[in-house]
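Novice: Pasting a structure here, questions to come.
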Amino acid sequence: KYFKFFHYVKKYIIYNKPDVIVASDLYSMIPVAQIKKKLRAKIIYDSRELYTQLAGLVNKPIIQKIWSWYEKKYISNMDYILVTAEIDRDYLKKLYNCKNIELVKNLPGDCFINQQKANLKEILCLNENQKIFIYQGKFHAGRGVRLAIKWLKKIKDSVLVLIGDGPMKKQYLDIAKEYNMEENVFFIDAVPYDQLSIFASNAYIGLSLIQPISKSYEHALPNKLFEYAVSGLPVICSNLKAMQQFVSKYKNGIAIDHANEKEFIDAYKQISTNYDDYVLNQQTRSMLLWNNQNEHLNRIINE
């Protein structure tokens, strides 16, 4: 299927003769790089993930080596490489000796400041004393959701709202049953991006307990951290390097060992005791909007 995809991408590009091509992942970059000599286009590789180090490749060493070979062969053909975190920039520089890497963070849109109004507690039939912990994103292995369900059993009047979808949903349901948390775990299907802010603005704490099951996860700086922050939501996240640096810089949450229940409970208590100290002010929230990164991206495209 990949070779068929490569064929159609090359055919489409040669026919349309674009001025700028943004290859939005490794699989799109390869066919573009293969026909670069036939093009006069600027080619931008959006390496928003470490595609050769994805969690899905951990137990597939042969496939991982194939994608690594492709990336090493063609990445030097790119006019620009985009990354979302400094840690990824440093990794690619060291691995491939690339010098044309630009940092463009995946910041949220202003819908997270100009939020639509909705009462999530009313929608979920919760009482005012119940505190909503929220996770928004894909339901994949290594996201720490199963541990969060287990740990939240120790926190009185807490519920977990999971927004999204993915292959781990059934496992999350099973573990909620295992710990008698069925009435405290709520699932909301994936929603349009501009509606996501409705839920974050109603929550108490945002979660991002990523486990270091791959190099890509070790380097993670998830979009949801920025979305929580701009929504005025304190976070509890893993103490992996990029996320630890994020909460250290903005003082909007606490980074913990992703597998340590005591640290999770202590982080909750500390945030609850000093809640307003972990809520970003409006000026900082405005700085963390996509508008600022979009200007930089436009310069890369147009220069």
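Chain labels A, B, ... are given in the sequence in which chains occur in the structure tokens; within each chain residues are numbered consecutively from 1, and ligands are likewise numbered from 1 in the order shown.
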Just want the 8 Å neighbourhood of stretch 186-201 of chain A, counted on only C-alpha atoms, with same-chain residues fewer than 5 positions away dropped. Output as a ChimeraX atom specification.
Specialist: /A:109,111-112,115-118,120,134,159-165,206,227-228,231-233
Novice: I need the strand (DSSP E or B) residues of stretch 2-198 of chain A per DSSP on the backbone, written as a short mmCIF file (atom, residue, chain, number, x, y, z; two decimals) with all heavy atoms, in the first residue's frame.
Specialist:
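So the final result, stored in states_25.cif, reads:
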data_model
loop_
_atom_site.label_atom_id
_atom_site.label_comp_id
_atom_site.auth_asym_id
_atom_site.auth_seq_id
_atom_site.Cartn_x
_atom_site.Cartn_y
_atom_site.Cartn_z
N VAL A 20 5.23 25.12 -3.36
CA VAL A 20 5.66 24.69 -2.03
C VAL A 20 4.95 23.38 -1.71
O VAL A 20 3.75 23.24 -1.95
CB VAL A 20 5.31 25.73 -0.95
CG1 VAL A 20 5.73 25.24 0.43
CG2 VAL A 20 5.97 27.07 -1.26
N ILE A 21 5.70 22.43 -1.17
CA ILE A 21 5.13 21.16 -0.75
C ILE A 21 5.45 20.96 0.73
O ILE A 21 6.61 21.01 1.13
CB ILE A 21 5.70 19.97 -1.55
CG1 ILE A 21 5.42 20.15 -3.04
CG2 ILE A 21 5.13 18.65 -1.04
CD1 ILE A 21 6.16 19.17 -3.92
N VAL A 22 4.41 20.75 1.53
CA VAL A 22 4.60 20.40 2.93
C VAL A 22 4.29 18.91 3.08
O VAL A 22 3.14 18.50 2.97
CB VAL A 22 3.69 21.23 3.86
CG1 VAL A 22 3.94 20.82 5.32
CG2 VAL A 22 3.95 22.72 3.68
N ALA A 23 5.33 18.12 3.26
CA ALA A 23 5.16 16.69 3.48
C ALA A 23 4.86 16.50 4.96
O ALA A 23 5.74 16.69 5.81
CB ALA A 23 6.42 15.94 3.09
N LYS A 42 9.72 24.30 -3.26
CA LYS A 42 10.31 24.24 -1.93
C LYS A 42 9.65 23.08 -1.19
O LYS A 42 8.43 22.94 -1.19
CB LYS A 42 10.05 25.54 -1.17
CG LYS A 42 10.58 25.55 0.26
CD LYS A 42 10.15 26.79 1.00
CE LYS A 42 10.75 28.04 0.39
NZ LYS A 42 10.40 29.24 1.17
N ILE A 43 10.46 22.23 -0.54
CA ILE A 43 9.92 21.06 0.14
C ILE A 43 10.18 21.18 1.64
O ILE A 43 11.32 21.37 2.07
CB ILE A 43 10.54 19.76 -0.40
CG1 ILE A 43 10.32 19.65 -1.91
CG2 ILE A 43 9.92 18.56 0.31
CD1 ILE A 43 10.98 18.46 -2.55
N ILE A 44 9.11 21.07 2.39
CA ILE A 44 9.16 21.18 3.85
C ILE A 44 8.71 19.85 4.45
O ILE A 44 7.63 19.35 4.13
CB ILE A 44 8.25 22.32 4.35
CG1 ILE A 44 8.70 23.66 3.74
CG2 ILE A 44 8.24 22.38 5.87
CD1 ILE A 44 7.72 24.79 3.97
N TYR A 45 9.54 19.28 5.28
CA TYR A 45 9.22 18.01 5.95
C TYR A 45 8.74 18.31 7.36
O TYR A 45 9.50 18.81 8.19
CB TYR A 45 10.46 17.12 5.96
CG TYR A 45 10.35 15.85 6.78
CD1 TYR A 45 9.15 15.17 6.93
CD2 TYR A 45 11.49 15.31 7.39
CE1 TYR A 45 9.08 14.00 7.68
CE2 TYR A 45 11.43 14.14 8.12
CZ TYR A 45 10.21 13.49 8.27
OH TYR A 45 10.14 12.34 9.00
N ASP A 46 7.49 18.01 7.63
CA ASP A 46 6.91 18.24 8.95
C ASP A 46 7.16 17.01 9.82
O ASP A 46 6.36 16.07 9.83
CB ASP A 46 5.42 18.53 8.81
CG ASP A 46 4.77 18.86 10.15
OD1 ASP A 46 5.49 18.92 11.15
OD2 ASP A 46 3.54 19.06 10.18
N TYR A 80 13.48 22.52 4.29
CA TYR A 80 13.28 22.78 5.71
C TYR A 80 12.71 21.54 6.39
O TYR A 80 11.97 20.76 5.78
CB TYR A 80 12.30 23.95 5.94
CG TYR A 80 12.86 25.30 5.61
CD1 TYR A 80 12.58 25.90 4.38
CD2 TYR A 80 13.67 25.99 6.51
CE1 TYR A 80 13.10 27.14 4.05
CE2 TYR A 80 14.19 27.24 6.20
CZ TYR A 80 13.90 27.81 4.97
OH TYR A 80 14.42 29.03 4.65
N ILE A 81 13.04 21.39 7.66
CA ILE A 81 12.46 20.35 8.50
C ILE A 81 11.81 21.04 9.68
O ILE A 81 12.43 21.89 10.34
CB ILE A 81 13.54 19.37 9.00
CG1 ILE A 81 14.27 18.73 7.81
CG2 ILE A 81 12.94 18.31 9.90
CD1 ILE A 81 15.63 18.18 8.16
N LEU A 82 10.55 20.71 9.94
CA LEU A 82 9.83 21.30 11.06
C LEU A 82 9.76 20.31 12.21
O LEU A 82 9.48 19.13 12.01
CB LEU A 82 8.41 21.70 10.64
CG LEU A 82 8.25 22.59 9.42
CD1 LEU A 82 6.78 22.93 9.22
CD2 LEU A 82 9.09 23.85 9.52
N VAL A 83 10.00 20.79 13.42
CA VAL A 83 9.81 19.98 14.62
C VAL A 83 8.99 20.79 15.61
O VAL A 83 8.89 22.02 15.51
CB VAL A 83 11.16 19.57 15.26
CG1 VAL A 83 11.95 18.66 14.35
CG2 VAL A 83 11.97 20.80 15.64
N ILE A 101 16.66 22.98 10.38
CA ILE A 101 15.53 22.56 11.21
C ILE A 101 14.91 23.78 11.88
O ILE A 101 15.61 24.61 12.47
CB ILE A 101 15.96 21.55 12.28
CG1 ILE A 101 16.63 20.34 11.62
CG2 ILE A 101 14.78 21.12 13.14
CD1 ILE A 101 17.15 19.31 12.62
N GLU A 102 13.59 23.91 11.76
CA GLU A 102 12.86 25.03 12.34
C GLU A 102 11.87 24.51 13.39
O GLU A 102 11.20 23.50 13.18
CB GLU A 102 12.10 25.80 11.26
CG GLU A 102 13.00 26.49 10.24
CD GLU A 102 13.70 27.72 10.80
OE1 GLU A 102 13.21 28.26 11.82
OE2 GLU A 102 14.72 28.13 10.22
N LEU A 103 11.78 25.24 14.49
CA LEU A 103 10.86 24.88 15.57
C LEU A 103 9.52 25.58 15.35
O LEU A 103 9.45 26.81 15.31
CB LEU A 103 11.46 25.29 16.92
CG LEU A 103 10.64 25.00 18.16
CD1 LEU A 103 10.46 23.50 18.35
CD2 LEU A 103 11.30 25.62 19.39
N LYS A 131 -14.73 16.63 41.34
CA LYS A 131 -13.66 17.26 40.59
C LYS A 131 -13.39 16.45 39.32
O LYS A 131 -13.21 15.23 39.37
CB LYS A 131 -12.39 17.37 41.43
CG LYS A 131 -12.54 18.33 42.62
CD LYS A 131 -11.27 18.39 43.42
CE LYS A 131 -11.33 19.51 44.47
NZ LYS A 131 -12.41 19.27 45.47
N ILE A 132 -13.34 17.14 38.19
CA ILE A 132 -13.17 16.49 36.89
C ILE A 132 -11.70 16.48 36.49
O ILE A 132 -11.09 17.54 36.31
CB ILE A 132 -14.00 17.19 35.81
CG1 ILE A 132 -15.50 17.11 36.15
CG2 ILE A 132 -13.74 16.56 34.44
CD1 ILE A 132 -16.38 17.91 35.19
N PHE A 133 -11.13 15.29 36.36
CA PHE A 133 -9.82 15.12 35.73
C PHE A 133 -10.11 14.80 34.26
O PHE A 133 -11.01 14.02 33.95
CB PHE A 133 -9.05 13.97 36.37
CG PHE A 133 -8.56 14.27 37.76
CD1 PHE A 133 -9.46 14.32 38.83
CD2 PHE A 133 -7.22 14.47 38.00
CE1 PHE A 133 -9.01 14.58 40.11
CE2 PHE A 133 -6.76 14.72 39.29
CZ PHE A 133 -7.66 14.79 40.35
N ILE A 134 -9.31 15.36 33.37
CA ILE A 134 -9.61 15.21 31.94
C ILE A 134 -8.39 14.70 31.17
O ILE A 134 -7.25 15.06 31.48
CB ILE A 134 -10.10 16.56 31.35
CG1 ILE A 134 -10.80 16.35 30.01
CG2 ILE A 134 -8.98 17.56 31.24
CD1 ILE A 134 -11.52 17.59 29.51
N TYR A 135 -8.65 13.81 30.24
CA TYR A 135 -7.65 13.39 29.26
C TYR A 135 -8.28 13.53 27.89
O TYR A 135 -9.37 13.00 27.64
CB TYR A 135 -7.21 11.94 29.48
CG TYR A 135 -6.38 11.41 28.32
CD1 TYR A 135 -5.01 11.58 28.29
CD2 TYR A 135 -6.99 10.78 27.23
CE1 TYR A 135 -4.25 11.13 27.21
CE2 TYR A 135 -6.25 10.33 26.15
CZ TYR A 135 -4.89 10.51 26.14
OH TYR A 135 -4.14 10.08 25.06
N GLN A 136 -7.62 14.25 27.00
CA GLN A 136 -8.12 14.39 25.64
C GLN A 136 -7.03 13.95 24.67
O GLN A 136 -5.88 14.33 24.77
CB GLN A 136 -8.57 15.83 25.37
CG GLN A 136 -7.53 16.89 25.61
CD GLN A 136 -8.12 18.28 25.74
OE1 GLN A 136 -9.18 18.46 26.34
NE2 GLN A 136 -7.46 19.28 25.17
N SER A 158 -13.80 12.34 42.83
CA SER A 158 -13.11 12.62 41.55
C SER A 158 -13.72 11.77 40.45
O SER A 158 -14.17 10.65 40.68
CB SER A 158 -11.62 12.34 41.67
OG SER A 158 -11.38 10.95 41.86
N VAL A 159 -13.73 12.33 39.24
CA VAL A 159 -14.16 11.59 38.06
C VAL A 159 -13.14 11.83 36.95
O VAL A 159 -12.42 12.84 36.97
CB VAL A 159 -15.58 12.00 37.57
CG1 VAL A 159 -16.61 11.78 38.66
CG2 VAL A 159 -15.59 13.42 37.06
N LEU A 160 -13.08 10.91 36.01
CA LEU A 160 -12.17 11.04 34.87
C LEU A 160 -13.00 11.10 33.60
O LEU A 160 -13.83 10.22 33.34
CB LEU A 160 -11.23 9.84 34.82
CG LEU A 160 -10.27 9.76 33.62
CD1 LEU A 160 -9.34 10.96 33.59
CD2 LEU A 160 -9.46 8.46 33.67
N VAL A 161 -12.79 12.14 32.82
CA VAL A 161 -13.46 12.30 31.53
C VAL A 161 -12.44 12.07 30.43
O VAL A 161 -11.41 12.76 30.37
CB VAL A 161 -14.10 13.70 31.39
CG1 VAL A 161 -14.68 13.88 29.99
CG2 VAL A 161 -15.20 13.89 32.44
N LEU A 162 -12.70 11.09 29.58
CA LEU A 162 -11.81 10.73 28.48
C LEU A 162 -12.46 11.16 27.17
O LEU A 162 -13.54 10.68 26.83
CB LEU A 162 -11.56 9.22 28.47
CG LEU A 162 -11.01 8.62 29.77
CD1 LEU A 162 -10.99 7.10 29.70
CD2 LEU A 162 -9.61 9.16 30.05
N ILE A 163 -11.77 12.04 26.44
CA ILE A 163 -12.31 12.57 25.19
C ILE A 163 -11.46 12.07 24.04
O ILE A 163 -10.26 12.36 23.97
CB ILE A 163 -12.33 14.11 25.20
CG1 ILE A 163 -13.09 14.62 26.41
CG2 ILE A 163 -12.95 14.64 23.92
CD1 ILE A 163 -12.94 16.10 26.62
N VAL A 185 -15.88 7.13 35.51
CA VAL A 185 -15.14 7.29 34.27
C VAL A 185 -16.14 7.52 33.14
O VAL A 185 -17.05 6.72 32.93
CB VAL A 185 -14.27 6.05 33.96
CG1 VAL A 185 -13.54 6.23 32.62
CG2 VAL A 185 -13.27 5.81 35.08
N PHE A 186 -15.97 8.64 32.43
CA PHE A 186 -16.89 9.02 31.36
C PHE A 186 -16.15 9.09 30.03
O PHE A 186 -15.02 9.61 29.97
CB PHE A 186 -17.52 10.38 31.67
CG PHE A 186 -18.37 10.39 32.91
CD1 PHE A 186 -17.80 10.61 34.16
CD2 PHE A 186 -19.74 10.18 32.84
CE1 PHE A 186 -18.57 10.62 35.31
CE2 PHE A 186 -20.53 10.18 33.99
CZ PHE A 186 -19.94 10.40 35.23
N PHE A 187 -16.78 8.61 28.99
CA PHE A 187 -16.20 8.64 27.65
C PHE A 187 -16.99 9.62 26.78
O PHE A 187 -18.23 9.56 26.74
CB PHE A 187 -16.23 7.25 27.01
CG PHE A 187 -15.30 6.26 27.64
CD1 PHE A 187 -15.69 5.53 28.76
CD2 PHE A 187 -14.02 6.08 27.13
CE1 PHE A 187 -14.83 4.63 29.34
CE2 PHE A 187 -13.16 5.16 27.71
CZ PHE A 187 -13.57 4.44 28.82
N ILE A 188 -16.27 10.49 26.10
CA ILE A 188 -16.87 11.40 25.14
C ILE A 188 -16.17 11.17 23.81
O ILE A 188 -14.93 11.22 23.74
CB ILE A 188 -16.73 12.87 25.58
CG1 ILE A 188 -17.50 13.10 26.88
CG2 ILE A 188 -17.23 13.81 24.49
CD1 ILE A 188 -17.32 14.49 27.47
#
Novice: How many Å separate atom CA of A:Tyr74 from atom CA of A:Ile30?
Specialist: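 One can read the atom CA of A:Tyr74 to atom CA of A:Ile30 distance as 6.7 Å.
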Novice: Which residues are close to A:Lys156, i.e. within 12 Å by only C-alpha atoms, leaving aside same-chain residues fewer than 2 positions away? Reply as a PDB file with C-alpha atoms, in the first residue's frame.
Specialist:
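Here's the written file selection.pdb:
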ATOM      1  CA  ASN A 129     -18.248  18.829  44.808  1.00  0.00           C
ATOM      2  CA  GLN A 130     -16.964  16.383  42.223  1.00  0.00           C
ATOM      3  CA  LYS A 131     -13.655  17.258  40.586  1.00  0.00           C
ATOM      4  CA  ILE A 132     -13.170  16.485  36.895  1.00  0.00           C
ATOM      5  CA  TRP A 151      -5.200   6.046  41.133  1.00  0.00           C
ATOM      6  CA  LEU A 152      -8.305   8.214  41.018  1.00  0.00           C
ATOM      7  CA  LYS A 153     -10.087   5.611  43.126  1.00  0.00           C
ATOM      8  CA  LYS A 154      -7.994   6.998  46.014  1.00  0.00           C
ATOM      9  CA  SER A 158     -13.112  12.623  41.555  1.00  0.00           C
ATOM     10  CA  VAL A 159     -14.160  11.586  38.057  1.00  0.00           C
ATOM     11  CA  MET A 181     -14.934   3.014  38.806  1.00  0.00           C
ATOM     12  CA  ASN A 184     -16.516   7.711  37.794  1.00  0.00           C
ATOM     13  CA  ILE A 265      -1.759  11.803  44.864  1.00  0.00           C
ATOM     14  CA  TYR A 268      -3.184  16.470  43.279  1.00  0.00           C
ATOM     15  CA  LYS A 269      -3.035  17.627  46.916  1.00  0.00           C
TER      16      LYS A 269
END
Novice: Taking only C-alpha atoms into account, which of A:Arg146, A:Lys105, A:Arg89, A:Lys1 comes nearest A:Leu297?
Specialist: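 Of A:Arg146, A:Lys105, A:Arg89, A:Lys1, the one nearest A:Leu297, counting only C-alpha atoms, is A:Lys105.
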Novice: With distances taken over only C-alpha atoms, which of A:Thr284, A:Gln34, A:Ser208, A:Asn294 is nearest to A:Ala255?
Specialist: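 Once distances to A:Ala255 are computed over only C-alpha atoms, the minimum belongs to A:Ser208.
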Novice: So, with only C-alpha atoms as the atoms that count, which of A:Lys121, A:Lys99, A:His219, A:Lys73 lies closest to A:Met29?
Specialist: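 Answer, going by the shortest atom-to-atom distance: A:Lys73.
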Novice: Counting only C-alpha atoms, which of A:Ile256, A:Val279, A:Ala141, A:Ile236 gets nearest to A:Ile213?
Specialist: A:Ala141
Novice: Hey, what's within 9 Å of A:Ser76 if we count only C-alpha atoms and toss same-chain stuff fewer than 3 positions away? As a VMD selection string, please?
Specialist: chain A and resid 71 to 73 79 96 to 98
Novice: Can you work out which one of A:Ser238, A:Asn106, A:Gln244, A:Asn202 has the shortest atom-to-atom distance to A:Leu289, counting only C-alpha atoms?
Specialist: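 Residue with the minimum atom-to-atom distance to A:Leu289: A:Asn106.
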Novice: Hey, what's within 12 Å of A:Tyr217 if we count only C-alpha atoms and toss same-chain stuff fewer than 3 positions away? As number ranges by chain, please?
Specialist: A: 49-58, 87-88, 140-144, 208-214, 220-222, 238-243, 258
Novice: May I have the selected residues written with N, CA, C and O atoms, as a compact mmCIF listing (two decimals), in the first residue's frame?
Specialist:
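Okay, again39.txt is ready:
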# COMPACT_ATOMS: atom_id res chain seq x y z
N GLU A 49 6.56 14.24 14.63
CA GLU A 49 6.86 13.05 15.43
C GLU A 49 8.23 12.54 14.99
O GLU A 49 8.69 12.84 13.88
N LEU A 50 8.85 11.74 15.85
CA LEU A 50 10.03 11.00 15.42
C LEU A 50 9.50 9.72 14.77
O LEU A 50 9.28 8.71 15.44
N TYR A 51 9.28 9.78 13.46
CA TYR A 51 8.53 8.72 12.80
C TYR A 51 9.25 7.37 12.80
O TYR A 51 8.60 6.32 12.72
N THR A 52 10.56 7.38 12.91
CA THR A 52 11.27 6.10 12.96
C THR A 52 11.30 5.52 14.37
O THR A 52 11.81 4.42 14.58
N GLN A 53 10.76 6.28 15.33
CA GLN A 53 10.79 5.85 16.73
C GLN A 53 9.40 5.79 17.35
O GLN A 53 9.25 5.92 18.56
N LEU A 54 8.38 5.63 16.52
CA LEU A 54 7.02 5.58 17.02
C LEU A 54 6.80 4.35 17.90
O LEU A 54 7.42 3.31 17.71
N ALA A 55 5.85 4.48 18.83
CA ALA A 55 5.56 3.37 19.74
C ALA A 55 5.11 2.13 18.98
O ALA A 55 5.42 1.00 19.38
N GLY A 56 4.40 2.32 17.87
CA GLY A 56 3.91 1.19 17.09
C GLY A 56 5.01 0.38 16.43
O GLY A 56 4.76 -0.73 15.94
N LEU A 57 6.25 0.90 16.41
CA LEU A 57 7.36 0.19 15.78
C LEU A 57 8.27 -0.53 16.78
O LEU A 57 9.23 -1.19 16.38
N VAL A 58 7.95 -0.39 18.07
CA VAL A 58 8.84 -0.93 19.10
C VAL A 58 9.08 -2.42 18.91
O VAL A 58 10.20 -2.90 19.05
N ILE A 87 13.83 19.24 21.92
CA ILE A 87 14.46 17.93 22.10
C ILE A 87 14.49 17.15 20.80
O ILE A 87 15.46 16.44 20.50
N ASP A 88 13.44 17.28 19.97
CA ASP A 88 13.43 16.62 18.66
C ASP A 88 14.41 17.27 17.70
O ASP A 88 15.07 16.60 16.91
N HIS A 140 -4.34 5.20 23.05
CA HIS A 140 -3.30 4.27 22.64
C HIS A 140 -2.55 3.77 23.87
O HIS A 140 -2.60 4.38 24.94
N ALA A 141 -1.80 2.69 23.69
CA ALA A 141 -0.96 2.18 24.77
C ALA A 141 0.09 3.22 25.15
O ALA A 141 0.56 3.99 24.31
N GLY A 142 0.44 3.26 26.42
CA GLY A 142 1.50 4.15 26.88
C GLY A 142 1.05 5.55 27.21
O GLY A 142 1.89 6.42 27.45
N ARG A 143 -0.26 5.80 27.29
CA ARG A 143 -0.75 7.15 27.60
C ARG A 143 -1.06 7.35 29.09
O ARG A 143 -1.49 8.42 29.49
N GLY A 144 -0.90 6.29 29.90
CA GLY A 144 -1.06 6.42 31.34
C GLY A 144 -2.50 6.47 31.82
O GLY A 144 -2.74 6.71 33.01
N SER A 208 -1.61 14.16 31.44
CA SER A 208 -0.80 13.69 30.31
C SER A 208 0.31 12.81 30.89
O SER A 208 1.46 13.24 31.03
N LEU A 209 -0.05 11.57 31.23
CA LEU A 209 0.86 10.66 31.94
C LEU A 209 1.53 9.69 30.97
O LEU A 209 1.45 8.47 31.13
N ILE A 210 2.18 10.23 29.98
CA ILE A 210 2.80 9.40 28.94
C ILE A 210 3.92 8.54 29.51
O ILE A 210 4.72 9.00 30.34
N GLN A 211 3.96 7.29 29.06
CA GLN A 211 4.99 6.35 29.50
C GLN A 211 6.09 6.25 28.43
O GLN A 211 5.80 6.28 27.23
N PRO A 212 7.35 6.15 28.82
CA PRO A 212 8.47 6.17 27.87
C PRO A 212 8.66 4.83 27.18
O PRO A 212 9.70 4.18 27.30
N ILE A 213 7.66 4.39 26.40
CA ILE A 213 7.74 3.08 25.75
C ILE A 213 8.46 3.16 24.41
O ILE A 213 8.72 2.13 23.79
N SER A 214 8.78 4.35 23.95
CA SER A 214 9.53 4.53 22.71
C SER A 214 10.26 5.86 22.78
O SER A 214 9.96 6.71 23.63
N ALA A 220 8.10 13.33 24.08
CA ALA A 220 6.76 13.89 23.87
C ALA A 220 6.59 15.28 24.49
O ALA A 220 6.99 15.53 25.63
N LEU A 221 5.97 16.17 23.72
CA LEU A 221 5.47 17.45 24.21
C LEU A 221 4.07 17.59 23.61
O LEU A 221 3.86 18.28 22.62
N PRO A 222 3.09 16.91 24.21
CA PRO A 222 1.77 16.79 23.58
C PRO A 222 1.04 18.11 23.42
O PRO A 222 1.16 19.02 24.25
N SER A 238 3.82 13.51 33.03
CA SER A 238 5.02 12.71 33.26
C SER A 238 6.25 13.61 33.35
O SER A 238 6.30 14.67 32.73
N ASN A 239 7.24 13.14 34.09
CA ASN A 239 8.47 13.94 34.22
C ASN A 239 9.48 13.61 33.12
O ASN A 239 10.69 13.64 33.36
N LEU A 240 8.99 13.29 31.93
CA LEU A 240 9.86 13.15 30.78
C LEU A 240 10.38 14.54 30.40
O LEU A 240 9.75 15.55 30.70
N LYS A 241 11.51 14.59 29.71
CA LYS A 241 12.29 15.83 29.62
C LYS A 241 11.48 17.02 29.11
O LYS A 241 11.46 18.09 29.74
N ALA A 242 10.83 16.88 27.95
CA ALA A 242 10.14 18.03 27.36
C ALA A 242 8.97 18.49 28.22
O ALA A 242 8.74 19.70 28.39
N MET A 243 8.21 17.54 28.78
CA MET A 243 7.07 17.91 29.61
C MET A 243 7.52 18.51 30.94
O MET A 243 6.91 19.47 31.44
N HIS A 258 5.78 8.67 35.92
CA HIS A 258 4.55 8.23 35.28
C HIS A 258 3.93 7.00 35.94
O HIS A 258 2.75 6.72 35.74
Novice: Under the rule that only C-alpha atoms are counted, which of A:Lys10, A:Leu207, A:Tyr91, A:Glu178 is the nearest residue to A:Val145?
Specialist: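 Smallest distance to A:Val145 is found for A:Leu207.
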